[in-house]
Each structure stands twice: as C-alpha cells, then as structure tokens.
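Enquirer: So that you have it, the file is protein-v5.pdb, and it contains PDB, C-alpha atoms and all ligand atoms:
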```
ATOM      1  CA  MET A 933     -21.522  14.819  23.570
ATOM      2  CA  PRO A 934     -20.033  12.239  21.168
ATOM      3  CA  THR A 935     -20.014  13.085  17.475
ATOM      4  CA  ILE A 936     -21.875  10.933  14.978
ATOM      5  CA  PHE A 937     -18.459   9.634  13.876
ATOM      6  CA  SER A 938     -17.565   8.598  17.456
ATOM      7  CA  LYS A 939     -20.793   6.601  17.479
ATOM      8  CA  ILE A 940     -19.672   4.854  14.274
ATOM      9  CA  VAL A 941     -16.297   4.047  15.886
ATOM     10  CA  ALA A 942     -18.113   2.622  18.913
ATOM     11  CA  GLY A 943     -20.482   0.579  16.723
ATOM     12  CA  GLU A 944     -23.504   2.454  18.081
ATOM     13  CA  ILE A 945     -24.748   3.492  14.637
ATOM     14  CA  PRO A 946     -24.260   1.533  11.424
ATOM     15  CA  ALA A 947     -21.664   2.358   8.787
ATOM     16  CA  ASP A 948     -19.993   0.504   5.963
ATOM     17  CA  ILE A 949     -16.579   0.141   7.606
ATOM     18  CA  VAL A 950     -13.754  -0.787   5.228
ATOM     19  CA  TYR A 951     -10.912  -0.666   7.764
ATOM     20  CA  GLN A 952     -10.556  -0.271  11.533
ATOM     21  CA  ASP A 953      -7.744  -0.575  14.036
ATOM     22  CA  GLU A 954      -7.028   0.823  17.491
ATOM     23  CA  ARG A 955      -6.236   4.316  16.157
ATOM     24  CA  VAL A 956      -8.366   4.934  13.058
ATOM     25  CA  THR A 957     -11.590   3.907  11.330
ATOM     26  CA  ALA A 958     -12.419   4.156   7.609
ATOM     27  CA  PHE A 959     -15.965   3.917   6.269
ATOM     28  CA  LYS A 960     -17.977   4.774   3.172
ATOM     29  CA  ASP A 961     -19.398   8.291   2.987
ATOM     30  CA  ILE A 962     -23.177   8.159   3.190
ATOM     31  CA  HIS A 963     -23.493  10.691   0.326
ATOM     32  CA  PRO A 964     -20.655   9.743  -2.031
ATOM     33  CA  LEU A 965     -19.323  12.440  -4.356
ATOM     34  CA  ALA A 966     -17.286   9.974  -6.440
ATOM     35  CA  PRO A 967     -17.383   6.227  -7.194
ATOM     36  CA  VAL A 968     -15.020   5.789  -4.242
ATOM     37  CA  HIS A 969     -15.656   8.109  -1.286
ATOM     38  CA  ILE A 970     -14.254   6.957   2.036
ATOM     39  CA  LEU A 971     -13.904   8.888   5.288
ATOM     40  CA  ILE A 972     -10.877   8.074   7.417
ATOM     41  CA  ILE A 973     -11.044   9.330  10.984
ATOM     42  CA  PRO A 974      -9.005   9.146  14.169
ATOM     43  CA  ASN A 975     -10.917   7.078  16.736
ATOM     44  CA  LYS A 976     -10.023   9.843  19.186
ATOM     45  CA  GLU A 977     -12.351  12.795  18.804
ATOM     46  CA  ILE A 978     -10.401  15.779  17.434
ATOM     47  CA  ALA A 979     -12.859  18.467  16.325
ATOM     48  CA  THR A 980     -10.908  20.180  13.538
ATOM     49  CA  VAL A 981      -7.400  20.533  12.131
ATOM     50  CA  ASP A 982      -7.239  23.688  14.237
ATOM     51  CA  ASP A 983      -7.506  21.480  17.351
ATOM     52  CA  VAL A 984      -4.629  19.160  16.482
ATOM     53  CA  SER A 985      -1.855  18.919  19.075
ATOM     54  CA  PRO A 986       1.684  17.467  18.923
ATOM     55  CA  GLU A 987       0.515  14.311  20.717
ATOM     56  CA  ASP A 988      -1.730  13.574  17.693
ATOM     57  CA  GLU A 989       1.159  13.432  15.216
ATOM     58  CA  ALA A 990       1.493   9.635  15.142
ATOM     59  CA  THR A 991      -2.243   9.068  14.749
ATOM     60  CA  LEU A 992      -2.555  11.653  11.985
ATOM     61  CA  GLY A 993       0.432  10.184  10.161
ATOM     62  CA  HIS A 994      -1.286   6.814  10.449
ATOM     63  CA  LEU A 995      -4.382   8.279   8.735
ATOM     64  CA  PHE A 996      -2.292   8.706   5.587
ATOM     65  CA  VAL A 997      -0.859   5.193   5.756
ATOM     66  CA  VAL A 998      -4.397   3.826   6.062
ATOM     67  CA  ALA A 999      -5.588   6.085   3.222
ATOM     68  CA  LYS A1000      -2.928   4.596   0.975
ATOM     69  CA  GLU A1001      -3.822   1.039   1.990
ATOM     70  CA  VAL A1002      -7.569   1.597   1.537
ATOM     71  CA  ALA A1003      -6.961   3.186  -1.888
ATOM     72  CA  ARG A1004      -5.016   0.083  -2.904
ATOM     73  CA  LYS A1005      -7.654  -2.263  -1.501
ATOM     74  CA  LEU A1006     -10.418  -0.436  -3.407
ATOM     75  CA  GLY A1007      -8.476  -0.443  -6.676
ATOM     76  CA  ILE A1008      -7.753   3.263  -7.138
ATOM     77  CA  ALA A1009      -4.084   3.396  -6.158
ATOM     78  CA  GLU A1010      -2.861   3.198  -9.762
ATOM     79  CA  SER A1011      -5.418   5.585 -11.312
ATOM     80  CA  GLY A1012      -5.028   8.120  -8.498
ATOM     81  CA  TYR A1013      -7.217   9.831  -5.979
ATOM     82  CA  ARG A1014      -7.688  12.968  -3.903
ATOM     83  CA  LEU A1015      -7.451  13.463  -0.144
ATOM     84  CA  ILE A1016      -9.353  16.382   1.390
ATOM     85  CA  ILE A1017      -9.684  17.700   4.927
ATOM     86  CA  ASN A1018     -12.204  20.495   5.436
ATOM     87  CA  CYS A1019     -11.671  22.824   8.397
ATOM     88  CA  LYS A1020     -14.449  24.894   9.991
ATOM     89  CA  GLY A1021     -16.951  27.123   8.188
ATOM     90  CA  ASP A1022     -15.056  28.501   5.221
ATOM     91  CA  GLY A1023     -13.499  25.070   4.686
ATOM     92  CA  GLY A1024     -16.962  23.539   4.394
ATOM     93  CA  GLN A1025     -16.671  21.257   7.438
ATOM     94  CA  GLU A1026     -20.026  19.808   8.536
ATOM     95  CA  VAL A1027     -19.024  17.110  11.018
ATOM     96  CA  PHE A1028     -16.749  18.353  13.778
ATOM     97  CA  HIS A1029     -14.683  15.203  14.128
ATOM     98  CA  LEU A1030     -11.565  15.517  11.986
ATOM     99  CA  HIS A1031     -11.764  13.317   8.885
ATOM    100  CA  LEU A1032      -9.873  12.681   5.686
ATOM    101  CA  HIS A1033     -11.995  12.295   2.549
ATOM    102  CA  LEU A1034     -10.543   9.726   0.115
ATOM    103  CA  LEU A1035     -12.095  10.300  -3.320
ATOM    104  CA  GLY A1036     -11.449   8.491  -6.578
ATOM    105  CA  GLY A1037     -12.690   6.138  -9.241
ATOM    106  CA  LYS A1038     -13.106   8.888 -11.869
ATOM    107  CA  LYS A1039     -11.308  12.000 -13.072
ATOM    108  CA  LEU A1040     -11.988  14.539 -10.346
ATOM    109  CA  GLY A1041     -11.268  17.710 -12.303
ATOM    110  CA  SER A1042      -9.781  20.852 -10.866
ATOM    111  CA  MET A1043      -9.282  21.160  -7.142
ATOM    112  CA  LEU A1044     -11.746  24.022  -6.627
ATOM    113  CA  ALA A1045     -14.603  25.270  -8.759
ATOM    114  CA  LYS A1046     -13.356  28.263 -10.761
ATOM    115  CA  SER A1047     -15.509  31.316 -10.160
TER     116      SER A1047
HETATM  117  P1  LIG B   1     -17.341  17.522   5.929
HETATM  118  O1  LIG B   1     -18.184  18.467   5.134
HETATM  119  O2  LIG B   1     -15.899  17.535   5.508
HETATM  120  O3  LIG B   1     -17.506  17.698   7.422
HETATM  121  O4  LIG B   1     -17.845  16.080   5.540
HETATM  122  C1  LIG B   1     -18.757  15.351   6.300
HETATM  123  C2  LIG B   1     -19.107  14.116   5.498
HETATM  124  O5  LIG B   1     -19.692  13.173   6.366
HETATM  125  C3  LIG B   1     -20.088  14.366   4.359
HETATM  126  O6  LIG B   1     -19.493  13.986   3.121
HETATM  127  C4  LIG B   1     -21.278  13.461   4.729
HETATM  128  O7  LIG B   1     -21.885  12.889   3.601
HETATM  129  C5  LIG B   1     -20.641  12.438   5.629
HETATM  130  N1  LIG B   1     -21.501  11.798   6.615
HETATM  131  C6  LIG B   1     -22.334  12.411   7.509
HETATM  132  N2  LIG B   1     -22.943  11.491   8.267
HETATM  133  C7  LIG B   1     -22.483  10.281   7.869
HETATM  134  C8  LIG B   1     -22.750   8.936   8.285
HETATM  135  N3  LIG B   1     -23.607   8.650   9.273
HETATM  136  N4  LIG B   1     -22.094   7.925   7.645
HETATM  137  C9  LIG B   1     -21.234   8.204   6.659
HETATM  138  N5  LIG B   1     -20.941   9.453   6.219
HETATM  139  C10 LIG B   1     -21.569  10.476   6.810
END
```
As structure tokens - that is how I would like this structure written.
Expert:
Amino acid sequence: MPTIFSKIVAGEIPADIVYQDERVTAFKDIHPLAPVHILIIPNKEIATVDDVSPEDEATLGHLFVVAKEVARKLGIAESGYRLIINCKGDGGQEVFHLHLHLLGGKKLGSMLAKS
C-alpha cells in the first residue's frame, strides 16, 4: 500500500510542494515545528534509513543537494538550519517513507531536549 508521501509525489493528495524532480520531492510539513519546515523525500518509497541499499546512494546524495537549494530559495542558507532524519520507533519516525526534515528560520536550540 502506498504511503501518504507516495500519494503526495503522485499528486493524489494535496501538499505545498516547493521543489520536485524525477528523483525527489520537497513539500511543507503540515505541522511545522519552525518558521521553515520542509520535508524532502525520495520519490521511490524507502521505508526507513535501515532499508537503504547501495543502489539508493545517488538519490540520497541528491536529497542533500536539494536540501541546500531549498534552504537557499527559502532564505535560510545564511542564517543556518538543521536537517533531521528519524528512524523507526526510538527515532520518533511516524511516516514510514524516508524523509529529511529541513528546519530553520529561528534559533533551534540544542539538538535534543536535555533530561
Ligand atoms: P517523522 O516523525 O519523522 O516520521 O515525521 C513525519 C512528518 O510528516 C511530521 O512532521 C508530520 O507533521 C508530517 N506530515 C504527515 N502527514 C503530512 C502531510 N499530508 N503533508 C505534510 N506533512 C505531513
């Protein structure tokens, strides 16, 4: 069964897409955690980082190139930003279609909440 993100790639459900090409799609997170919160995904459905294979290397490298370009386009390249990939339960992953969170537009604080 296709993930909700595959349906966004296919145009079957709406999303605010900021970039798309034959390998990746970038769109605004529906529940933003920062002034800029973009999800960048491979169009190919890869469930988690734990499911990545060597044949995905070029596509996953391209995710970072697109992240950089989207950050520039949205005006946060100079001030800085954070890229996050959650993996499975302890990583806090909710949607099992690998995605890169691009967050910025304010000071994001420490990487993890200190307990
Ligand atoms: P993660 O916890 O890393 O799996 O993150 C999943 C992210 O997907 C969350 O930040 C959600 O707000 C976001 N999300 C879920 N459904 C949608 C959607 N239809 N459009 C945009 N973002 C979504």
Enquirer: Around ligand LIG 1 (chain B), which protein and nucleic acid residues have at least one atom no more than 8 Å from it, if we count all atoms listed in the file? List them as a PyMOL selection string.
Expert: chain A and resi 936-937+940+945-948+959-965+971+1016-1019+1023-1033
Enquirer: Go through A:Ile949, A:Met1043, A:Val956, A:Arg1004 and flag the residue nearest A:Lys976, using only C-alpha atoms for the distances.
Expert: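 Smallest distance to A:Lys976 is found for A:Val956.
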Enquirer: Suppose you want the space between atom CA of A:Pro974 and atom CA of A:Thr957; what is it in Å?
Expert: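 A separation of 6.5 Å between them.
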Enquirer: Would you mind reading off the distance between atom CA of A:Leu992 and atom CA of A:Leu1035, one decimal, in Å?
Expert: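 According to the coordinates, atom CA of A:Leu992 and atom CA of A:Leu1035 are separated by 18.1 Å.
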Enquirer: Would you place a box with edges along x, y and z of the file around all atoms of stretch 1017-1031 of chain A listed there, add 6 Å to each of its six sides, and report the centre and edge lengths in Å to one decimal, as AutoDock Vina command-line options?
Expert:
```
--center_x -14.9 --center_y 20.9 --center_z 9.3 --size_x 22.3 --size_y 27.2 --size_z 21.7
```
Enquirer: Taking all atoms listed in the file into account, name the residue in A:Ile1008, A:Leu1044, A:Val981, A:Val997 that is nearest to A:Ala958.
Expert: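 The shortest atom-to-atom distance to A:Ala958 comes from A:Val997.
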Enquirer: Need to verify the contact set: A:Gly1037, 9 Å, all atoms listed in the file, exclusion of same-chain residues closer than 5 positions in sequence. Can you return it as a list in words?
Expert: Ala966, Pro967, Val968, His969, Gly1007, Ile1008, Ser1011, Gly1012 and Tyr1013 of chain A
Enquirer: To test your reading of the syntax: which residues would the PyMOL selection byres (((chain A and resi 953) around 12) and not hetatm) return for the file shown? Reply as a list in words.
Expert: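 Checked against the file, the PyMOL selection byres (((chain A and resi 953) around 12) and not hetatm) matches Val941, Ala942, Ile949, Val950, Tyr951, Gln952, Glu954, Arg955, Val956, Thr957, Ala958, Ile972, Ile973, Pro974, Asn975, Lys976, Thr991, His994, Leu995 and Val998 of chain A.
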Enquirer: Using the selection just defined, write its residues with C-alpha atoms as a short mmCIF file (atom, residue, chain, number, x, y, z; two decimals), in the frame of the given file.
Expert:
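Result saved to result21.cif:
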```cif
data_model
loop_
_atom_site.label_atom_id
_atom_site.label_comp_id
_atom_site.auth_asym_id
_atom_site.auth_seq_id
_atom_site.Cartn_x
_atom_site.Cartn_y
_atom_site.Cartn_z
CA VAL A 941 -16.30 4.05 15.89
CA ALA A 942 -18.11 2.62 18.91
CA ILE A 949 -16.58 0.14 7.61
CA VAL A 950 -13.75 -0.79 5.23
CA TYR A 951 -10.91 -0.67 7.76
CA GLN A 952 -10.56 -0.27 11.53
CA GLU A 954 -7.03 0.82 17.49
CA ARG A 955 -6.24 4.32 16.16
CA VAL A 956 -8.37 4.93 13.06
CA THR A 957 -11.59 3.91 11.33
CA ALA A 958 -12.42 4.16 7.61
CA ILE A 972 -10.88 8.07 7.42
CA ILE A 973 -11.04 9.33 10.98
CA PRO A 974 -9.01 9.15 14.17
CA ASN A 975 -10.92 7.08 16.74
CA LYS A 976 -10.02 9.84 19.19
CA THR A 991 -2.24 9.07 14.75
CA HIS A 994 -1.29 6.81 10.45
CA LEU A 995 -4.38 8.28 8.74
CA VAL A 998 -4.40 3.83 6.06
#
```
Enquirer: When distances are computed from all atoms listed in the file, which of A:Lys1020, A:Glu989, A:Ile970, A:Asp983 shows the smallest separation from A:Leu1034?
Expert: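 Of the candidates, the smallest distance to A:Leu1034 is held by A:Ile970.
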Enquirer: How far is it from atom CA of A:Gly1041 to atom CA of A:Ala999, in Å with one decimal?
Expert: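 Between atom CA of A:Gly1041 and atom CA of A:Ala999 the gap is 20.2 Å.
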